[in-house]
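> One file: target.txt (compact mmCIF, C-alpha atoms).
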# COMPACT_ATOMS: atom_id res chain seq x y z
CA MET A 1 6.13 -8.52 26.01
CA THR A 2 4.50 -5.07 26.05
CA GLY A 3 0.82 -6.01 26.16
CA ARG A 4 0.30 -4.01 22.96
CA PRO A 5 -0.66 -5.53 19.60
CA ALA A 6 2.39 -6.55 17.57
CA HIS A 7 1.66 -3.97 14.88
CA HIS A 8 1.62 -1.22 17.54
CA ASP A 9 5.06 -2.33 18.71
CA LEU A 10 6.15 -2.18 15.08
CA LEU A 11 5.00 1.41 14.59
CA ILE A 12 6.14 2.77 17.94
CA GLY A 13 9.53 1.08 17.59
CA ALA A 14 10.01 2.43 14.07
CA VAL A 15 9.09 5.99 15.07
CA ALA A 16 11.34 5.79 18.14
CA THR A 17 14.33 4.85 15.93
CA PRO A 18 15.83 8.02 14.35
CA SER A 19 16.30 7.77 10.58
CA LEU A 20 17.26 10.97 8.81
CA SER A 21 17.76 10.58 5.06
CA GLY A 22 21.04 8.75 4.53
CA GLU A 23 21.06 7.50 8.14
CA GLU A 24 18.44 4.74 7.97
CA ALA A 25 20.54 1.70 8.94
CA ALA A 26 19.16 1.31 12.47
CA VAL A 27 15.49 1.53 11.50
CA ALA A 28 16.11 -0.71 8.47
CA GLU A 29 17.47 -3.42 10.74
CA PHE A 30 14.55 -2.97 13.13
CA LEU A 31 12.05 -3.38 10.28
CA ARG A 32 13.92 -6.32 8.80
CA GLY A 33 13.88 -8.07 12.17
CA TRP A 34 10.16 -7.47 12.71
CA MET A 35 9.29 -8.77 9.26
CA ALA A 36 11.52 -11.83 9.71
CA ASP A 37 9.69 -12.57 12.97
CA HIS A 38 6.29 -12.31 11.27
CA GLY A 39 6.52 -14.66 8.34
CA PHE A 40 8.47 -12.65 5.78
CA ALA A 41 11.60 -13.57 3.90
CA ALA A 42 13.37 -10.37 4.94
CA HIS A 43 16.69 -8.77 4.06
CA LEU A 44 18.50 -5.47 3.54
CA ASP A 45 19.31 -4.83 -0.10
CA GLU A 46 22.36 -3.18 -1.69
CA VAL A 47 21.21 0.40 -0.99
CA GLY A 48 19.95 -0.25 2.54
CA ASN A 49 16.27 -0.79 1.78
CA ALA A 50 14.43 -3.06 4.24
CA VAL A 51 12.66 -5.67 2.09
CA GLY A 52 10.17 -8.30 3.19
CA VAL A 53 8.45 -10.83 0.90
CA ARG A 54 5.45 -13.08 1.59
CA GLY A 55 3.50 -15.30 -0.81
CA ASP A 56 4.43 -17.23 -3.92
CA GLY A 57 1.58 -16.65 -6.36
CA PRO A 58 1.88 -15.40 -9.96
CA LEU A 59 0.77 -11.85 -9.12
CA THR A 60 3.41 -9.44 -7.74
CA VAL A 61 2.24 -6.58 -5.56
CA VAL A 62 4.89 -4.06 -4.47
CA LEU A 63 4.16 -1.96 -1.39
CA LEU A 64 6.75 0.81 -1.49
CA GLY A 65 7.07 3.02 1.58
CA HIS A 66 9.93 5.05 2.98
CA MET A 67 11.62 4.92 6.36
CA ASP A 68 13.64 8.15 6.31
CA THR A 69 12.45 11.40 7.85
CA VAL A 70 13.21 15.09 7.70
CA PRO A 71 15.12 16.66 10.64
CA GLY A 72 13.37 17.77 13.80
CA GLU A 73 13.27 15.78 17.01
CA ILE A 74 9.80 15.26 18.51
CA PRO A 75 9.72 13.31 21.79
CA VAL A 76 8.10 9.95 21.09
CA ARG A 77 5.10 9.20 23.28
CA VAL A 78 1.58 7.80 23.18
CA ASP A 79 -0.76 10.22 24.94
CA ASP A 80 -3.88 9.39 26.94
CA ARG A 81 -6.01 9.64 23.78
CA GLY A 82 -4.02 6.89 22.08
CA VAL A 83 -2.18 9.26 19.76
CA LEU A 84 1.44 8.57 18.86
CA HIS A 85 3.63 11.67 18.68
CA GLY A 86 6.98 11.56 16.89
CA ARG A 87 8.87 12.45 13.75
CA GLY A 88 7.87 10.08 10.95
CA SER A 89 4.62 8.92 12.56
CA VAL A 90 2.70 10.38 9.61
CA ASP A 91 5.43 10.88 6.99
CA ALA A 92 5.69 8.06 6.44
CA LYS A 93 6.50 5.31 8.93
CA GLY A 94 2.80 5.01 9.69
CA SER A 95 2.13 4.04 6.08
CA LEU A 96 5.13 1.71 5.84
CA CYS A 97 4.17 -0.08 9.05
CA THR A 98 0.60 -0.36 7.77
CA PHE A 99 2.03 -2.19 4.75
CA ALA A 100 4.07 -4.61 6.84
CA ALA A 101 1.27 -5.25 9.34
CA ALA A 102 -1.32 -5.85 6.62
CA VAL A 103 0.86 -8.29 4.67
CA ALA A 104 1.73 -10.10 7.93
CA ALA A 105 -2.02 -10.61 8.50
CA LEU A 106 -2.90 -11.99 5.04
CA PRO A 107 -4.74 -15.31 4.85
CA PRO A 108 -3.22 -18.36 3.11
CA GLU A 109 -5.42 -17.97 0.02
CA ALA A 110 -4.04 -14.49 -0.66
CA LEU A 111 -0.45 -15.69 -0.22
CA ALA A 112 -1.14 -18.54 -2.68
CA SER A 113 -2.37 -16.06 -5.29
CA ALA A 114 0.30 -13.37 -5.09
CA ARG A 115 3.77 -12.38 -3.94
CA PHE A 116 3.72 -9.31 -1.72
CA VAL A 117 6.92 -7.25 -1.55
CA VAL A 118 7.13 -4.64 1.22
CA ILE A 119 9.96 -2.14 0.71
CA GLY A 120 11.11 0.37 3.31
CA ALA A 121 13.00 2.70 1.00
CA THR A 122 15.92 4.97 1.79
CA GLU A 123 16.31 8.66 0.95
CA GLU A 124 12.77 9.49 -0.18
CA GLU A 125 13.03 12.84 1.61
CA ALA A 126 16.23 13.59 -0.35
CA PRO A 127 16.38 14.51 -4.06
CA SER A 128 18.17 11.20 -4.73
CA SER A 129 15.18 8.88 -3.96
CA ARG A 130 17.90 6.25 -3.81
CA GLY A 131 15.80 3.41 -2.44
CA ALA A 132 12.97 3.74 -4.95
CA ARG A 133 15.34 4.06 -7.90
CA HIS A 134 17.05 0.84 -6.88
CA ALA A 135 13.69 -0.93 -6.60
CA LEU A 136 12.90 -0.02 -10.21
CA THR A 137 15.50 -2.46 -11.46
CA ALA A 138 14.74 -5.21 -8.95
CA TYR A 139 10.99 -5.73 -9.42
CA ALA A 140 8.37 -5.86 -12.18
CA PRO A 141 5.10 -5.50 -10.26
CA ASP A 142 1.53 -5.98 -11.43
CA ALA A 143 0.21 -3.47 -8.89
CA VAL A 144 1.86 -0.85 -6.67
CA PHE A 145 0.95 0.76 -3.37
CA ILE A 146 2.93 3.86 -2.35
CA GLY A 147 3.18 4.46 1.39
CA GLU A 148 2.11 8.05 2.02
CA PRO A 149 -0.59 9.49 4.28
CA SER A 150 -3.98 9.73 2.60
CA GLY A 151 -6.17 9.15 5.65
CA TRP A 152 -7.54 5.66 6.33
CA ASP A 153 -10.64 6.27 4.19
CA ALA A 154 -8.97 7.87 1.14
CA LEU A 155 -6.46 7.06 -1.58
CA THR A 156 -4.13 9.32 -3.51
CA LEU A 157 -3.95 9.09 -7.29
CA GLY A 158 -1.41 11.74 -8.18
CA TYR A 159 1.35 14.12 -7.15
CA LYS A 160 2.64 17.31 -8.71
CA GLY A 161 6.06 17.42 -10.31
CA ARG A 162 9.08 19.22 -8.94
CA LEU A 163 12.08 21.27 -9.97
CA VAL A 164 14.66 23.02 -7.78
CA ALA A 165 16.75 25.91 -9.13
CA ARG A 166 19.87 27.17 -7.38
CA VAL A 167 20.72 30.64 -8.63
CA ARG A 168 23.90 32.61 -7.97
CA ILE A 169 24.91 36.10 -9.16
CA GLU A 170 28.37 37.62 -8.63
CA LYS A 171 29.65 41.00 -9.78
CA ASP A 172 32.20 43.69 -8.95
CA ASN A 173 31.42 45.84 -5.97
CA PHE A 174 30.62 49.55 -6.45
CA HIS A 175 29.72 52.50 -4.28
CA THR A 176 26.04 52.50 -3.38
CA ALA A 177 25.84 56.20 -4.36
CA GLY A 178 26.75 55.27 -7.94
CA GLU A 179 24.53 54.03 -10.74
CA GLY A 180 23.82 50.41 -11.32
CA SER A 181 22.15 47.44 -9.68
CA SER A 182 23.59 45.22 -7.01
CA ALA A 183 23.84 41.45 -7.20
CA ALA A 184 20.93 41.31 -4.76
CA ASP A 185 18.92 43.69 -6.98
CA ASP A 186 19.50 41.47 -10.01
CA LEU A 187 18.60 38.31 -8.14
CA THR A 188 15.39 39.92 -6.88
CA GLU A 189 14.50 41.04 -10.40
CA GLY A 190 14.93 37.49 -11.66
CA TRP A 191 12.77 36.11 -8.83
CA PHE A 192 9.99 38.60 -9.69
CA ARG A 193 10.10 37.37 -13.28
CA VAL A 194 9.88 33.74 -12.15
CA ARG A 195 6.94 34.53 -9.90
CA ALA A 196 5.12 36.36 -12.72
CA TRP A 197 5.71 33.44 -15.09
CA ALA A 198 4.44 30.94 -12.51
CA ALA A 199 1.29 32.98 -11.93
CA GLY A 200 0.52 32.82 -15.65
CA VAL A 201 0.58 29.02 -15.91
CA GLY A 202 -2.86 27.50 -15.62
CA GLY A 203 -4.55 30.80 -14.79
CA PRO A 204 -6.09 32.04 -11.54
CA GLU A 205 -9.30 30.06 -12.08
CA SER A 206 -7.46 26.74 -12.23
CA GLY A 207 -7.23 24.45 -9.23
CA ILE A 208 -3.93 24.32 -7.40
CA PHE A 209 -3.02 20.97 -8.99
CA ALA A 210 -3.03 22.70 -12.42
CA ARG A 211 -0.87 25.66 -11.37
CA VAL A 212 2.84 26.24 -10.78
CA GLN A 213 3.75 26.88 -7.16
CA ALA A 214 7.00 28.84 -6.81
CA THR A 215 8.67 29.29 -3.42
CA LEU A 216 11.91 30.87 -2.26
CA GLN A 217 13.58 28.21 -0.11
CA ASP A 218 16.82 30.08 0.53
CA LEU A 219 17.93 33.68 -0.08
CA GLY A 220 21.06 35.63 0.82
CA SER A 221 23.74 38.11 -0.23
CA SER A 222 27.18 39.24 0.84
CA VAL A 223 29.86 41.81 -0.02
CA ASP A 224 33.57 41.45 0.75
CA GLY A 225 34.58 44.91 -0.45
CA LEU A 226 35.61 43.67 -3.90
CA ARG A 227 32.81 41.38 -5.05
CA GLN A 228 29.08 41.19 -4.45
CA ARG A 229 27.37 37.83 -4.26
CA ALA A 230 23.69 36.90 -4.10
CA TRP A 231 22.12 33.48 -4.08
CA ALA A 232 18.73 31.82 -3.87
CA THR A 233 17.12 28.41 -4.03
CA ILE A 234 13.78 28.37 -5.84
CA GLY A 235 11.43 25.41 -5.46
CA LEU A 236 8.78 24.73 -8.08
CA ARG A 237 5.79 22.39 -7.85
CA LEU A 238 4.65 21.55 -11.37
CA PRO A 239 1.29 20.53 -12.87
CA PRO A 240 0.96 17.52 -15.22
CA GLU A 241 0.92 19.78 -18.28
CA LEU A 242 4.39 21.20 -17.58
CA SER A 243 7.57 19.12 -17.67
CA PRO A 244 10.60 19.89 -15.50
CA ASP A 245 12.59 20.64 -18.68
CA GLU A 246 10.05 23.23 -19.79
CA ALA A 247 10.05 24.81 -16.35
CA GLY A 248 13.85 24.85 -16.39
CA GLU A 249 13.84 26.75 -19.68
CA ALA A 250 11.55 29.36 -18.13
CA ILE A 251 13.85 29.77 -15.12
CA ARG A 252 16.92 30.18 -17.30
CA ALA A 253 15.10 32.72 -19.48
CA ALA A 254 14.12 34.76 -16.42
CA PHE A 255 17.79 35.16 -15.42
CA ALA A 256 19.34 35.14 -18.91
CA ASP A 257 20.32 38.84 -19.00
CA LEU A 258 21.29 39.10 -15.32
CA GLY A 259 24.61 37.26 -15.38
CA ALA A 260 23.27 34.46 -13.22
CA GLU A 261 24.56 30.93 -12.80
CA VAL A 262 21.54 28.60 -12.70
CA THR A 263 21.77 24.98 -11.55
CA LEU A 264 18.68 22.78 -11.92
CA LEU A 265 18.07 19.62 -9.90
CA GLY A 266 15.32 17.47 -8.43
CA HIS A 267 13.57 16.90 -11.77
CA GLU A 268 10.30 15.03 -11.18
CA HIS A 269 7.38 14.79 -13.60
CA ALA A 270 3.86 15.09 -12.23
CA VAL A 271 1.87 11.86 -12.15
CA ARG A 272 -1.85 11.16 -12.11
CA HIS A 273 -3.22 7.60 -12.14
CA PRO A 274 -6.69 6.42 -13.21
CA ARG A 275 -9.32 6.12 -10.51
CA ASP A 276 -10.90 2.88 -11.71
CA ASN A 277 -8.93 -0.37 -11.83
CA ALA A 278 -8.67 -3.56 -9.79
CA LEU A 279 -6.45 -1.92 -7.15
CA THR A 280 -8.63 1.13 -6.52
CA ARG A 281 -11.80 -0.98 -6.55
CA ALA A 282 -10.35 -3.29 -3.90
CA LEU A 283 -9.41 -0.32 -1.70
CA ARG A 284 -12.81 1.33 -2.12
CA VAL A 285 -14.69 -1.83 -1.18
CA ALA A 286 -12.42 -2.38 1.83
CA ILE A 287 -12.90 1.20 3.05
CA ARG A 288 -16.67 0.83 2.83
CA ALA A 289 -16.47 -2.46 4.71
CA GLN A 290 -14.84 -0.53 7.59
CA GLY A 291 -17.66 2.03 7.58
CA GLY A 292 -15.91 4.73 5.56
CA THR A 293 -16.79 6.66 2.41
CA PRO A 294 -13.79 6.44 0.07
CA THR A 295 -12.46 9.64 -1.47
CA PHE A 296 -9.82 10.31 -4.11
CA LYS A 297 -7.04 12.83 -3.66
CA VAL A 298 -4.25 14.44 -5.64
CA LYS A 299 -1.37 16.08 -3.77
CA THR A 300 0.72 19.18 -4.39
CA GLY A 301 3.89 17.53 -3.04
CA THR A 302 5.95 14.74 -4.56
CA SER A 303 6.55 11.15 -3.51
CA ASP A 304 8.20 8.00 -4.77
CA MET A 305 5.13 7.63 -7.00
CA ASN A 306 6.73 10.27 -9.23
CA VAL A 307 9.89 8.16 -9.45
CA VAL A 308 8.33 4.79 -10.27
CA ALA A 309 5.35 5.76 -12.41
CA PRO A 310 7.24 6.10 -15.73
CA HIS A 311 8.81 2.66 -15.24
CA TRP A 312 5.93 0.72 -13.66
CA PRO A 313 2.85 1.46 -15.82
CA VAL A 314 0.50 -0.59 -13.63
CA PRO A 315 -2.40 0.21 -11.29
CA THR A 316 -0.99 2.41 -8.54
CA ALA A 317 -2.30 4.37 -5.57
CA ALA A 318 -0.82 5.92 -2.45
CA TYR A 319 -2.37 4.83 0.82
CA GLY A 320 -1.67 5.27 4.50
CA PRO A 321 -3.10 6.63 7.75
CA GLY A 322 -2.63 10.15 8.99
CA ASP A 323 -3.16 13.79 8.06
CA SER A 324 -0.56 14.94 5.53
CA ALA A 325 -0.98 18.52 6.80
CA LEU A 326 1.12 17.38 9.78
CA ASP A 327 4.05 16.27 7.56
CA HIS A 328 7.34 17.95 8.54
CA THR A 329 5.66 19.95 11.34
CA PRO A 330 6.42 20.07 15.09
CA GLU A 331 2.93 18.59 15.68
CA GLU A 332 3.42 15.37 13.71
CA ARG A 333 1.25 12.66 15.29
CA LEU A 334 -0.90 9.66 14.38
CA SER A 335 -3.92 8.15 16.11
CA LEU A 336 -3.39 4.46 16.80
CA ASP A 337 -7.12 3.91 16.16
CA GLU A 338 -6.70 5.30 12.64
CA TYR A 339 -3.61 3.15 12.16
CA ASP A 340 -5.63 0.08 13.19
CA ARG A 341 -8.35 0.94 10.68
CA ALA A 342 -5.81 1.43 7.90
CA VAL A 343 -4.27 -1.98 8.65
CA ALA A 344 -7.72 -3.58 8.51
CA VAL A 345 -8.58 -1.80 5.25
CA LEU A 346 -5.33 -2.75 3.56
CA THR A 347 -5.46 -6.39 4.71
CA ASP A 348 -8.95 -6.66 3.22
CA ALA A 349 -7.98 -4.82 0.03
CA LEU A 350 -4.90 -6.98 -0.60
CA THR A 351 -6.93 -10.15 -0.04
CA ARG A 352 -9.55 -8.97 -2.51
CA LEU A 353 -6.92 -7.85 -5.01
CA ALA A 354 -5.08 -11.16 -4.92
CA GLY A 355 -8.27 -13.05 -5.74
CA THR A 356 -9.63 -10.69 -8.37
CA LEU A 357 -7.70 -11.07 -11.61
CA PRO A 358 -4.70 -12.84 -13.10
CA ALA A 359 -1.58 -10.72 -13.40
CA ARG A 360 -1.87 -9.88 -17.08
CA ALA A 361 -5.47 -8.72 -16.79
CA LEU A 362 -4.69 -6.65 -13.70
CA SER A 363 -2.00 -4.73 -15.51
CA ALA A 364 -4.37 -3.51 -18.22
CA GLN A 365 -5.42 -0.01 -17.23
CA PRO A 366 -8.30 2.06 -18.61
CA SER A 367 -7.65 5.53 -19.98
CA PRO A 368 -7.34 8.23 -17.33
CA PRO A 369 -10.61 10.06 -16.59
CA THR A 370 -10.91 13.79 -17.08
CA ASP A 371 -11.87 14.39 -13.45
CA PRO A 372 -9.91 12.53 -10.74
CA SER A 373 -11.76 14.07 -7.81
Would it be possible to restate this file's structure as structure tokens?


Amino acid sequence: MTGRPAHHDLLIGAVATPSLSGEEAAVAEFLRGWMADHGFAAHLDEVGNAVGVRGDGPLTVVLLGHMDTVPGEIPVRVDDRGVLHGRGSVDAKGSLCTFAAAVAALPPEALASARFVVIGATEEEAPSSRGARHALTAYAPDAVFIGEPSGWDALTLGYKGRLVARVRIEKDNFHTAGEGSSAADDLTEGWFRVRAWAAGVGGPESGIFARVQATLQDLGSSVDGLRQRAWATIGLRLPPELSPDEAGEAIRAAFADLGAEVTLLGHEHAVRHPRDNALTRALRVAIRAQGGTPTFKVKTGTSDMNVVAPHWPVPTAAYGPGDSALDHTPEERLSLDEYDRAVAVLTDALTRLAGTLPARALSAQPSPPTDPS
């Protein structure tokens, strides 16, 4: 016994258990055990996801979070202000633990109306999104919550798309006093073309969600006396109007006359859900009940929402405590007070959602609005 609330032990224990992408077994077992001890039918599935199910009603609500983290060890501690420091506290064990704690707290009437499936997914931080892709074939939900930090009083409706390009140029070496361009010169020329193309999509007056963001993630060159080599990894964040295939064509065109080898990966379409349906209404009412003013967000990153949206065309929102500006940073931390409020909001929202509409009516979505803000 620690003297802390059970859901605090859940979060602190999860954050204290390292879980790099592809190395989630220990935290998966920890989460499975906690859920089994708190009224869930819990198991580890074929790809290592931690899955907990409560309720037996006709409505299926999937709460899909992820338990893997990016590298970077941050000593786990709760400071004197009640703030938990540690890798994954915000991105996104805080959200996943909010899901498990809220479903554990649901009243009998909610459990009689719906089946709640909490999934701690593997490899969200990797291009594979292995856990979410497996879940696609295992469940047919009527509503979906994605576990990502929105802040306790906000919900996220959309994420930009993604494409990663690995570019390599190799050519015969020559004396630098001679004429011609080096492999590094050619790679740089191609990058300038990509950057110019990206700047022309959406226009400078468009908001960032409508523009292409292009970033050099890796860059290098070498010469062994016989051959020159240059390489780069280019990351693109894509607006809803531009598909990964279209962006890939632009990348290939930029390097077409430079003798480059271009490999494209990490294809994810942008996604943007409607702001008004039974799920978002339940969240908004619950946030107000806790004294907050609900706000809607769209994010420039990607999440498992991008993976599941084409296959699960049902009301969907991302929700979870924490400031996403702290994702992947050395300062990642989460206030336990905010975590408590998020658990209270989600417990209320799920109870309201379960009693609102039958499954078939819930799945009918209105057309997306023109302004999601």

> So that I can see what lies close to segment 147-156 of chain A, please list as a list in words the residues with an atom at most 7 Å from it, counting all atoms listed in the file and leaving out residues fewer than 6 positions away in the same chain.

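Near segment 147-156 of chain A, the qualifying residues are Leu64, Gly65, His66, Val90, Asp91, Ala92, Ser95, Leu96, Ile287, Gly292, Thr293, Pro294, Thr295, Phe296, Lys297, Val298, Ala317, Ala318, Tyr319, Gly320, Pro321, Gly322, Asp323, Ser324, Glu338, Arg341 and Ala342 of chain A.
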
> So how many Å separate atom CA of Phe40 of chain A and atom CA of Ala140 of chain A, to one decimal?

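These atoms are spaced 19.2 Å apart.
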
> Mind working out the centre and edge lengths of an axis-aligned box for segment 299-302 of chain A, all listed atoms inside, 8 Å added to each side, rounded to one decimal in Å and written as JSON?


{"center_x": 2.3, "center_y": 17.0, "center_z": -3.8, "size_x": 23.3, "size_y": 20.4, "size_z": 17.5}

> Pick out the residues sitting within 8 Å of Ala114 of chain A, and hand them over as a PyMOL selection string; count all atoms listed in the file, and ignore anything fewer than 4 positions along from it in its own chain.

chain A and resi 55-61+110+354

> One number please: atom CA of Leu10 of chain A to atom CA of Ser129 of chain A, in Å, one decimal.

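Taking atom CA of Leu10 of chain A and atom CA of Ser129 of chain A, their separation equals 23.8 Å.
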
> Contacts of segment 225-231 of chain A at 10 Å or less, counting all atoms listed in the file, minus same-chain residues fewer than 3 places along, as a VMD selection string?

chain A and resid 166 to 175 182 to 188 218 to 222 234 260 to 262

> Between atom CA of Ala309 of chain A and atom CA of Val117 of chain A, what is the distance, to one decimal in Å?

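These atoms are spaced 17.0 Å apart.
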
> Which residues are close to Asp68 of chain A, i.e. within 10 Å by all atoms listed in the file, leaving aside same-chain residues fewer than 2 positions away? Reply as a PyMOL selection string.

chain A and resi 18-25+27-28+65-66+70-71+87-88+91-93+120-126

> Which of these residues is nearest to Arg352 of chain A, using only C-alpha atoms: A:His328, A:Arg284, A:His311, A:Arg130?

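Checking each of A:His328, A:Arg284, A:His311, A:Arg130 against Arg352 of chain A, counting only C-alpha atoms, the winner is A:Arg284.
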
> My list of candidates is A:Val53, A:Thr137, A:Ser335, A:Cys97. Which is closest to Val78 of chain A when distances are computed with only C-alpha atoms?

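Of A:Val53, A:Thr137, A:Ser335, A:Cys97, the one nearest Val78 of chain A, counting only C-alpha atoms, is A:Ser335.
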
> Contacts of Phe30 of chain A at 12 Å or less, counting all atoms listed in the file, minus same-chain residues fewer than 2 places along, as an MDAnalysis selection string?

chainID A and resid 9:19 24:28 32:37 42:44 49:51 67 97 120

> I'd like to know which of A:Ala344, A:Ala105, A:Leu238, A:Ala286 is closest to Ile208 of chain A, using all atoms listed in the file.

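Distance minimum relative to Ile208 of chain A lands on A:Leu238.
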
> From the list A:Glu109, A:Thr215, A:Val164, A:Ala250, which residue is nearest Val201 of chain A when using all atoms listed in the file?

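Ranked by minimum distance to Val201 of chain A, first place goes to A:Ala250.
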
> Taking all atoms listed in the file into account, which of A:Asp142, A:Glu189, A:Asp80, A:Asp224 comes nearest Thr316 of chain A?

A:Asp142
